[in-house]
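**Q** Sharing final-v9.cif below, mmCIF, C-alpha atoms:
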```cif
data_target
#
loop_
_atom_site.group_PDB
_atom_site.id
_atom_site.type_symbol
_atom_site.label_atom_id
_atom_site.label_comp_id
_atom_site.auth_asym_id
_atom_site.auth_seq_id
_atom_site.Cartn_x
_atom_site.Cartn_y
_atom_site.Cartn_z
ATOM 1 C CA MET S 331 -18.310 3.941 -1.011
ATOM 2 C CA LYS S 332 -15.467 3.216 -3.396
ATOM 3 C CA LEU S 333 -11.705 3.235 -2.792
ATOM 4 C CA PHE S 334 -8.982 2.931 -5.409
ATOM 5 C CA HIS S 335 -5.948 1.022 -4.124
ATOM 6 C CA VAL S 336 -2.834 1.603 -6.224
ATOM 7 C CA SER S 337 0.786 0.672 -5.640
ATOM 8 C CA ASP S 338 4.290 0.483 -7.089
ATOM 9 C CA VAL S 339 3.950 3.306 -9.605
ATOM 10 C CA HIS S 340 7.755 3.652 -9.653
ATOM 11 C CA PHE S 341 8.156 7.148 -11.091
ATOM 12 C CA GLY S 342 11.419 6.860 -12.972
ATOM 13 C CA ALA S 343 10.197 3.561 -14.446
ATOM 14 C CA GLU S 344 6.530 4.482 -14.700
ATOM 15 C CA ASP S 345 4.187 3.429 -17.496
ATOM 16 C CA PRO S 346 2.665 6.675 -18.896
ATOM 17 C CA ALA S 347 -0.247 4.825 -20.532
ATOM 18 C CA ALA S 348 -1.098 3.119 -17.236
ATOM 19 C CA LEU S 349 -0.899 6.423 -15.332
ATOM 20 C CA ASP S 350 -3.218 8.110 -17.841
ATOM 21 C CA TRP S 351 -5.628 5.179 -17.647
ATOM 22 C CA PHE S 352 -5.743 5.323 -13.837
ATOM 23 C CA ALA S 353 -6.169 9.110 -13.782
ATOM 24 C CA GLN S 354 -9.037 8.824 -16.264
ATOM 25 C CA CYS S 355 -10.709 6.166 -14.090
ATOM 26 C CA VAL S 356 -10.466 8.544 -11.116
ATOM 27 C CA ALA S 357 -11.892 11.439 -13.156
ATOM 28 C CA ASP S 358 -14.765 9.340 -14.504
ATOM 29 C CA GLU S 359 -15.709 7.519 -11.297
ATOM 30 C CA SER S 360 -14.755 9.878 -8.419
ATOM 31 C CA PRO S 361 -13.606 7.366 -5.778
ATOM 32 C CA ASP S 362 -13.857 8.518 -2.179
ATOM 33 C CA ALA S 363 -10.087 8.142 -1.717
ATOM 34 C CA VAL S 364 -6.920 6.767 -3.286
ATOM 35 C CA ILE S 365 -4.660 4.576 -1.156
ATOM 36 C CA MET S 366 -1.108 4.414 -2.488
ATOM 37 C CA THR S 367 0.787 1.575 -0.802
ATOM 38 C CA GLY S 368 4.370 2.485 -1.569
ATOM 39 C CA ASP S 369 7.121 2.568 -4.164
ATOM 40 C CA LEU S 370 5.945 5.843 -5.595
ATOM 41 C CA THR S 371 9.495 6.228 -6.966
ATOM 42 C CA MET S 372 12.180 4.058 -8.509
ATOM 43 C CA ARG S 373 15.324 5.536 -6.936
ATOM 44 C CA ALA S 374 13.977 7.997 -4.306
ATOM 45 C CA ARG S 375 15.184 10.959 -6.383
ATOM 46 C CA THR S 376 13.762 14.433 -5.865
ATOM 47 C CA ARG S 377 12.417 14.673 -9.402
ATOM 48 C CA GLU S 378 10.670 11.300 -9.006
ATOM 49 C CA PHE S 379 8.977 12.345 -5.760
ATOM 50 C CA ASP S 380 7.954 15.672 -7.285
ATOM 51 C CA ALA S 381 6.493 13.998 -10.366
ATOM 52 C CA GLY S 382 4.698 11.371 -8.297
ATOM 53 C CA GLY S 383 3.380 13.865 -5.753
ATOM 54 C CA LYS S 384 2.081 16.209 -8.440
ATOM 55 C CA TRP S 385 0.420 13.320 -10.249
ATOM 56 C CA LEU S 386 -1.361 12.171 -7.084
ATOM 57 C CA MET S 387 -2.434 15.716 -6.168
ATOM 58 C CA SER S 388 -3.819 16.198 -9.673
ATOM 59 C CA LEU S 389 -6.307 13.369 -9.064
ATOM 60 C CA GLY S 390 -8.439 15.712 -6.968
ATOM 61 C CA VAL S 391 -9.447 13.168 -4.275
ATOM 62 C CA PRO S 392 -8.092 12.400 -0.765
ATOM 63 C CA VAL S 393 -4.824 10.448 -0.979
ATOM 64 C CA THR S 394 -2.599 8.678 1.525
ATOM 65 C CA ILE S 395 0.864 7.366 0.601
ATOM 66 C CA GLU S 396 2.834 4.676 2.390
ATOM 67 C CA VAL S 397 6.614 4.411 2.107
ATOM 68 C CA GLY S 398 8.023 1.575 -0.004
ATOM 69 C CA ASN S 399 11.536 0.186 -0.115
ATOM 70 C CA HIS S 400 12.220 2.056 -3.372
ATOM 71 C CA ASP S 401 11.262 5.310 -1.613
ATOM 72 C CA LEU S 402 14.365 5.085 0.596
ATOM 73 C CA PRO S 403 17.786 6.121 -0.721
ATOM 74 C CA TYR S 404 19.621 3.160 -2.189
ATOM 75 C CA TYR S 405 22.550 1.296 -0.660
ATOM 76 C CA TRP S 406 25.156 3.396 -2.508
ATOM 77 C CA ASP S 407 23.955 6.435 -0.530
ATOM 78 C CA PRO S 408 24.242 5.006 3.017
ATOM 79 C CA LEU S 409 24.557 8.277 4.920
ATOM 80 C CA ARG S 410 21.358 9.716 3.487
ATOM 81 C CA ARG S 411 19.610 6.355 3.848
ATOM 82 C CA LEU S 412 20.479 6.140 7.534
ATOM 83 C CA PHE S 413 20.265 9.778 8.646
ATOM 84 C CA SER S 414 17.945 11.695 6.293
ATOM 85 C CA PRO S 415 15.943 9.179 4.247
ATOM 86 C CA TYR S 416 12.861 11.367 3.832
ATOM 87 C CA LYS S 417 14.541 14.600 2.722
ATOM 88 C CA ARG S 418 13.495 14.451 -0.946
ATOM 89 C CA TYR S 419 9.767 13.811 -0.712
ATOM 90 C CA GLY S 420 8.911 17.249 -2.114
ATOM 91 C CA ALA S 421 5.335 17.509 -3.378
ATOM 92 C CA ALA S 422 4.499 14.082 -1.945
ATOM 93 C CA GLU S 423 5.412 14.895 1.666
ATOM 94 C CA ARG S 424 2.001 16.095 2.856
ATOM 95 C CA MET S 425 0.387 12.797 1.853
ATOM 96 C CA ILE S 426 2.926 10.455 3.477
ATOM 97 C CA GLU S 427 1.442 8.176 6.171
ATOM 98 C CA LYS S 428 -1.714 10.261 6.342
ATOM 99 C CA THR S 429 -4.656 8.805 8.285
ATOM 100 C CA LEU S 430 -7.917 9.106 6.363
ATOM 101 C CA ASP S 431 -11.270 9.244 8.167
ATOM 102 C CA LEU S 432 -14.156 8.637 5.799
ATOM 103 C CA PRO S 433 -17.816 7.930 6.638
ATOM 104 C CA GLY S 434 -17.773 4.469 8.213
ATOM 105 C CA ILE S 435 -14.132 3.707 7.468
ATOM 106 C CA THR S 436 -10.727 4.671 8.866
ATOM 107 C CA ILE S 437 -7.494 4.101 6.939
ATOM 108 C CA VAL S 438 -4.327 4.088 9.046
ATOM 109 C CA PRO S 439 -0.646 3.655 8.064
ATOM 110 C CA LEU S 440 1.764 0.872 9.008
ATOM 111 C CA LYS S 441 5.451 1.343 8.272
ATOM 112 C CA THR S 442 6.968 -1.862 6.869
ATOM 113 C CA THR S 443 10.315 -0.517 5.636
ATOM 114 C CA ALA S 444 13.627 -0.341 7.489
ATOM 115 C CA ARG S 445 16.732 1.774 6.898
ATOM 116 C CA ALA S 446 18.904 -1.258 7.702
ATOM 117 C CA GLN S 447 18.316 -4.921 8.477
ATOM 118 C CA LEU S 448 20.412 -7.851 9.708
ATOM 119 C CA ARG S 449 20.154 -9.572 6.316
ATOM 120 C CA LEU S 450 21.517 -8.847 2.872
ATOM 121 C CA ASN S 451 18.226 -8.001 1.141
ATOM 122 C CA TRP S 452 16.919 -4.779 2.662
ATOM 123 C CA SER S 453 14.103 -4.567 0.120
ATOM 124 C CA LYS S 454 12.064 -7.064 2.127
ATOM 125 C CA GLY S 455 9.571 -6.071 4.803
ATOM 126 C CA HIS S 456 10.161 -5.363 8.464
ATOM 127 C CA VAL S 457 7.658 -4.281 11.130
ATOM 128 C CA SER S 458 9.248 -2.746 14.195
ATOM 129 C CA ARG S 459 7.587 -2.694 17.582
ATOM 130 C CA ASP S 460 7.366 1.114 17.456
ATOM 131 C CA ALA S 461 5.716 1.039 14.021
ATOM 132 C CA LEU S 462 3.183 -1.552 15.138
ATOM 133 C CA ASN S 463 2.396 0.318 18.360
ATOM 134 C CA ASN S 464 1.851 3.544 16.430
ATOM 135 C CA THR S 465 -0.653 1.792 14.158
ATOM 136 C CA LEU S 466 -2.421 0.133 17.089
ATOM 137 C CA ASP S 467 -2.784 3.554 18.760
ATOM 138 C CA LEU S 468 -4.364 4.972 15.594
ATOM 139 C CA ILE S 469 -6.768 2.034 15.441
ATOM 140 C CA ALA S 470 -7.766 2.574 19.070
ATOM 141 C CA ALA S 471 -8.520 6.233 18.304
ATOM 142 C CA ALA S 472 -10.761 5.439 15.318
ATOM 143 C CA PRO S 473 -14.519 5.936 15.659
ATOM 144 C CA ARG S 474 -16.169 2.838 17.078
ATOM 145 C CA GLY S 475 -18.035 0.864 14.452
ATOM 146 C CA ASN S 476 -15.821 1.967 11.564
ATOM 147 C CA LEU S 477 -14.247 -0.494 9.197
ATOM 148 C CA ILE S 478 -10.489 -0.384 9.826
ATOM 149 C CA PHE S 479 -8.117 -0.606 6.869
ATOM 150 C CA VAL S 480 -4.374 -0.642 7.553
ATOM 151 C CA ALA S 481 -2.119 0.429 4.669
ATOM 152 C CA GLY S 482 1.546 -0.549 4.352
ATOM 153 C CA HIS S 483 3.930 -1.466 1.565
ATOM 154 C CA HIS S 484 4.894 -5.081 2.202
ATOM 155 C CA PRO S 485 2.387 -7.924 2.620
ATOM 156 C CA LEU S 486 2.665 -9.077 6.218
ATOM 157 C CA ILE S 487 2.417 -12.697 5.093
ATOM 158 C CA GLU S 488 2.767 -14.111 1.603
ATOM 159 C CA GLY S 489 -0.289 -13.779 -0.620
ATOM 160 C CA GLY S 490 0.453 -16.574 -3.065
ATOM 161 C CA THR S 491 2.078 -14.315 -5.660
ATOM 162 C CA ARG S 492 5.304 -14.854 -7.596
ATOM 163 C CA GLY S 493 6.951 -11.966 -5.757
ATOM 164 C CA THR S 494 7.636 -12.265 -2.036
ATOM 165 C CA ALA S 495 7.834 -9.863 0.893
ATOM 166 C CA LYS S 496 9.396 -12.095 3.577
ATOM 167 C CA THR S 497 8.290 -9.529 6.144
ATOM 168 C CA ARG S 498 10.011 -9.912 9.481
ATOM 169 C CA ASN S 499 7.576 -9.833 12.424
ATOM 170 C CA GLY S 500 4.754 -9.898 9.853
ATOM 171 C CA ASP S 501 2.910 -12.860 11.395
ATOM 172 C CA GLU S 502 2.948 -11.270 14.840
ATOM 173 C CA ALA S 503 1.910 -7.891 13.447
ATOM 174 C CA LEU S 504 -1.014 -9.368 11.525
ATOM 175 C CA LYS S 505 -2.247 -11.192 14.629
ATOM 176 C CA ALA S 506 -2.015 -8.008 16.725
ATOM 177 C CA LEU S 507 -3.859 -6.005 14.068
ATOM 178 C CA ALA S 508 -6.601 -8.636 13.911
ATOM 179 C CA GLU S 509 -6.950 -8.603 17.686
ATOM 180 C CA ALA S 510 -7.301 -4.801 17.519
ATOM 181 C CA GLY S 511 -10.225 -5.113 15.093
ATOM 182 C CA THR S 512 -8.564 -4.538 11.727
ATOM 183 C CA HIS S 513 -10.699 -5.632 8.797
ATOM 184 C CA ALA S 514 -8.119 -5.454 5.991
ATOM 185 C CA VAL S 515 -4.403 -4.836 5.495
ATOM 186 C CA LEU S 516 -3.602 -3.237 2.132
ATOM 187 C CA SER S 517 -0.168 -3.599 0.550
ATOM 188 C CA GLY S 518 1.849 -3.621 -2.663
ATOM 189 C CA HIS S 519 5.460 -4.689 -3.355
ATOM 190 C CA VAL S 520 4.708 -7.945 -5.207
ATOM 191 C CA HIS S 521 3.231 -6.204 -8.311
ATOM 192 C CA ASP S 522 0.267 -8.605 -8.618
ATOM 193 C CA PRO S 523 -3.228 -8.300 -7.102
ATOM 194 C CA PHE S 524 -4.562 -10.667 -4.434
ATOM 195 C CA ASP S 525 -7.167 -10.793 -1.656
ATOM 196 C CA LYS S 526 -6.483 -13.432 0.979
ATOM 197 C CA PRO S 527 -8.560 -13.967 4.161
ATOM 198 C CA VAL S 528 -6.637 -14.934 7.298
ATOM 199 C CA THR S 529 -8.546 -16.118 10.374
ATOM 200 C CA PHE S 530 -7.530 -15.712 14.009
ATOM 201 C CA GLY S 531 -10.099 -17.386 16.263
ATOM 202 C CA ASP S 532 -13.475 -15.945 15.272
ATOM 203 C CA TRP S 533 -11.993 -12.928 13.450
ATOM 204 C CA THR S 534 -11.013 -12.759 9.780
ATOM 205 C CA VAL S 535 -8.701 -10.064 8.459
ATOM 206 C CA ARG S 536 -8.174 -9.652 4.738
ATOM 207 C CA MET S 537 -4.740 -9.275 3.153
ATOM 208 C CA ILE S 538 -5.262 -7.204 -0.027
ATOM 209 C CA GLY S 539 -2.447 -6.573 -2.497
ATOM 210 C CA ALA S 540 -2.451 -4.218 -5.482
ATOM 211 C CA GLY S 541 -0.648 -4.597 -8.804
ATOM 212 C CA THR S 542 1.680 -2.052 -10.420
ATOM 213 C CA LEU S 543 1.296 0.897 -12.795
ATOM 214 C CA SER S 544 4.975 0.709 -13.764
ATOM 215 C CA LYS S 545 6.850 -1.087 -16.524
ATOM 216 C CA ARG S 546 8.145 -3.582 -13.941
ATOM 217 C CA LEU S 547 5.445 -6.187 -14.560
ATOM 218 C CA ARG S 548 5.349 -9.696 -13.157
ATOM 219 C CA SER S 549 2.344 -11.991 -13.719
ATOM 220 C CA SER S 550 -0.297 -9.321 -14.379
ATOM 221 C CA PRO S 551 -0.764 -6.374 -16.756
ATOM 222 C CA PRO S 552 -0.732 -2.885 -15.188
ATOM 223 C CA ALA S 553 -3.393 -3.005 -12.486
ATOM 224 C CA PHE S 554 -5.038 -1.401 -9.493
ATOM 225 C CA ASN S 555 -7.752 -2.487 -7.059
ATOM 226 C CA GLU S 556 -11.245 -1.096 -6.671
ATOM 227 C CA ILE S 557 -12.628 -1.728 -3.185
ATOM 228 C CA ARG S 558 -16.404 -1.410 -2.904
ATOM 229 C CA ILE S 559 -17.848 -0.858 0.581
ATOM 230 C CA ALA S 560 -21.506 -1.041 1.594
ATOM 231 C CA ASP S 561 -23.286 -1.918 4.853
ATOM 232 C CA GLY S 562 -20.120 -3.017 6.650
ATOM 233 C CA ARG S 563 -19.124 -5.357 3.807
ATOM 234 C CA PHE S 564 -16.457 -4.872 1.185
ATOM 235 C CA GLU S 565 -15.301 -6.515 -2.007
ATOM 236 C CA THR S 566 -12.051 -6.196 -3.983
ATOM 237 C CA LEU S 567 -12.106 -5.992 -7.765
ATOM 238 C CA ALA S 568 -8.914 -6.200 -9.828
ATOM 239 C CA ARG S 569 -8.787 -3.783 -12.744
ATOM 240 C CA THR S 570 -6.165 -4.267 -15.433
ATOM 241 C CA LEU S 571 -5.054 -2.326 -18.477
ATOM 242 C CA SER S 572 -6.188 -5.118 -20.773
ATOM 243 C CA PRO S 573 -9.333 -6.358 -22.525
ATOM 244 C CA GLU S 574 -10.191 -8.311 -19.362
ATOM 245 C CA PRO S 575 -13.120 -6.660 -17.505
ATOM 246 C CA LYS S 576 -12.746 -5.761 -13.842
ATOM 247 C CA HIS S 577 -13.498 -8.796 -11.717
ATOM 248 C CA PRO S 578 -13.839 -9.719 -8.027
ATOM 249 C CA ILE S 579 -10.827 -11.362 -6.406
ATOM 250 C CA SER S 580 -12.253 -11.544 -2.883
ATOM 251 C CA VAL S 581 -12.658 -15.012 -1.425
ATOM 252 C CA THR S 582 -15.287 -13.507 0.838
ATOM 253 C CA ALA S 583 -17.022 -10.121 0.956
ATOM 254 C CA GLN S 584 -17.416 -10.198 4.739
ATOM 255 C CA SER S 585 -14.528 -9.764 7.140
ATOM 256 C CA GLY S 586 -14.681 -9.893 10.910
ATOM 257 C CA ALA S 587 -17.447 -7.818 12.409
ATOM 258 C CA LEU S 588 -17.943 -4.188 13.253
ATOM 259 C CA ARG S 589 -16.161 -3.286 16.453
#
```
Starting from the coordinates I provided, produce the structure as structure tokens.
**A**
Amino acid sequence: MKLFHVSDVHFGAEDPAALDWFAQCVADESPDAVIMTGDLTMRARTREFDAGGKWLMSLGVPVTIEVGNHDLPYYWDPLRRLFSPYKRYGAAERMIEKTLDLPGITIVPLKTTARAQLRLNWSKGHVSRDALNNTLDLIAAAPRGNLIFVAGHHPLIEGGTRGTAKTRNGDEALKALAEAGTHAVLSGHVHDPFDKPVTFGDWTVRMIGAGTLSKRLRSSPPAFNEIRIADGRFETLARTLSPEPKHPISVTAQSGALR
């Protein structure tokens, strides 16, 4: 089984060459699903959501989208941000926070954004108790023996990248997800790929971050992750729009154990 993990496309500041490259990879290789971990848009405008939603639907494979901080109305539109933040999703709406059940694997959403926070930088991550409980309920309902992948926008802990998430309640959320049997937590936000194992007792959960397909580059060229799954094991390969061949970034290809 093969998953494509993409993030931070930022329609409104997208890179057309990177989008075409990714779409061609999907057409040529037919992944079982695409996991989009947030910041589909740049300014949460209707035309950006429509363009992003149509692009994802055109891929012709199952897709789930998580909400990123750029997918909420910006600070200069406080009423819409606080009271109707999801009004403009348009063509993308049906894919937002969609649980995917595939043979041997379940992908569930985790909301890591907040409409308001008690700090100046609202772009950083926040996991509420309600959001965590919702994800834990979805994990409990997954078929026993499945690999469990949780998808959110912000890394729950830092992955060693130049960009940071500073996710509030992230440590506690990651521990609770590990205790529930999560094998990997997929995220974006930092615009560079990583795969970091984190161990709680005898259980290891993998923190996997994707790069960006926008013009807002940091340390890496435009990139996405390919996640290969076989026999209860999985490996992350970073793929970049560059002469560099795709290459594994997993410290380990085994995580936890089947539930």
**Q** What does the distance between atom CA of Ser453 of chain S and atom CA of Pro346 of chain S come to in Å, to one decimal place?
**A**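 Value for the atom CA of Ser453 of chain S-atom CA of Pro346 of chain S distance: 24.9 Å.
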**Q** Take the point (4.9, 11.7, 0.2) in the file's coordinates, draw a sphere of radius 10 Å around it, and report as a list in words every protein, DNA or RNA residue with an atom inside or on it, counting all atoms listed in the file.
**A**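 These residues have at least one counted atom within 10 Å: Met366, Gly368, Leu370, Phe379, Asp380, Gly382, Gly383, Leu386, Val393, Thr394, Ile395, Glu396, Val397, Asp401, Tyr416, Arg418, Tyr419, Gly420, Ala421, Ala422, Glu423, Arg424, Met425, Ile426, Glu427 and Lys428 of chain S.
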**Q** I need the residue set behind the PyMOL selection byres ((chain S and resi 503-515) around 6) for this file; please write it as a ChimeraX atom specification.
**A** /S:478-481,500-502,516,535-537,585
**Q** For segment 462-467 of chain S, please output as a list in words all residues within 8 Å (counting all atoms listed in the file; exclusion window: fewer than 2 positions along the same chain).
**A** Val438, Pro439, Leu440, Lys441, Val457, Ser458, Arg459, Asp460, Ile469, Ala470, Ala471, Val480, Ala503, Leu507 and Ala510 of chain S
**Q** I'd like to see the residues matched by the PyMOL selection byres ((chain S and resi 488-499) around 12) on this file, and ideally I'd get them as a PyMOL selection string.
**A** chain S and resi 398-399+441-444+447-449+451-459+461-462+482-487+500-506+515-528+536-541+546-550
**Q** At a cut-off of 6 Å, using all atoms listed in the file, what residues contact His340 of chain S? Leave out same-chain residues fewer than 3 positions from it and give the result as a list in words.
**A** Ala343, Glu344, Asp369, Leu370, Thr371, Met372 and Ser544 of chain S
**Q** Between atom CA of Gln354 of chain S and atom CA of Leu402 of chain S, measure the distance and give it in Å to one decimal.
**A**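 We find that atom CA of Gln354 of chain S and atom CA of Leu402 of chain S lie 29.1 Å from each other.
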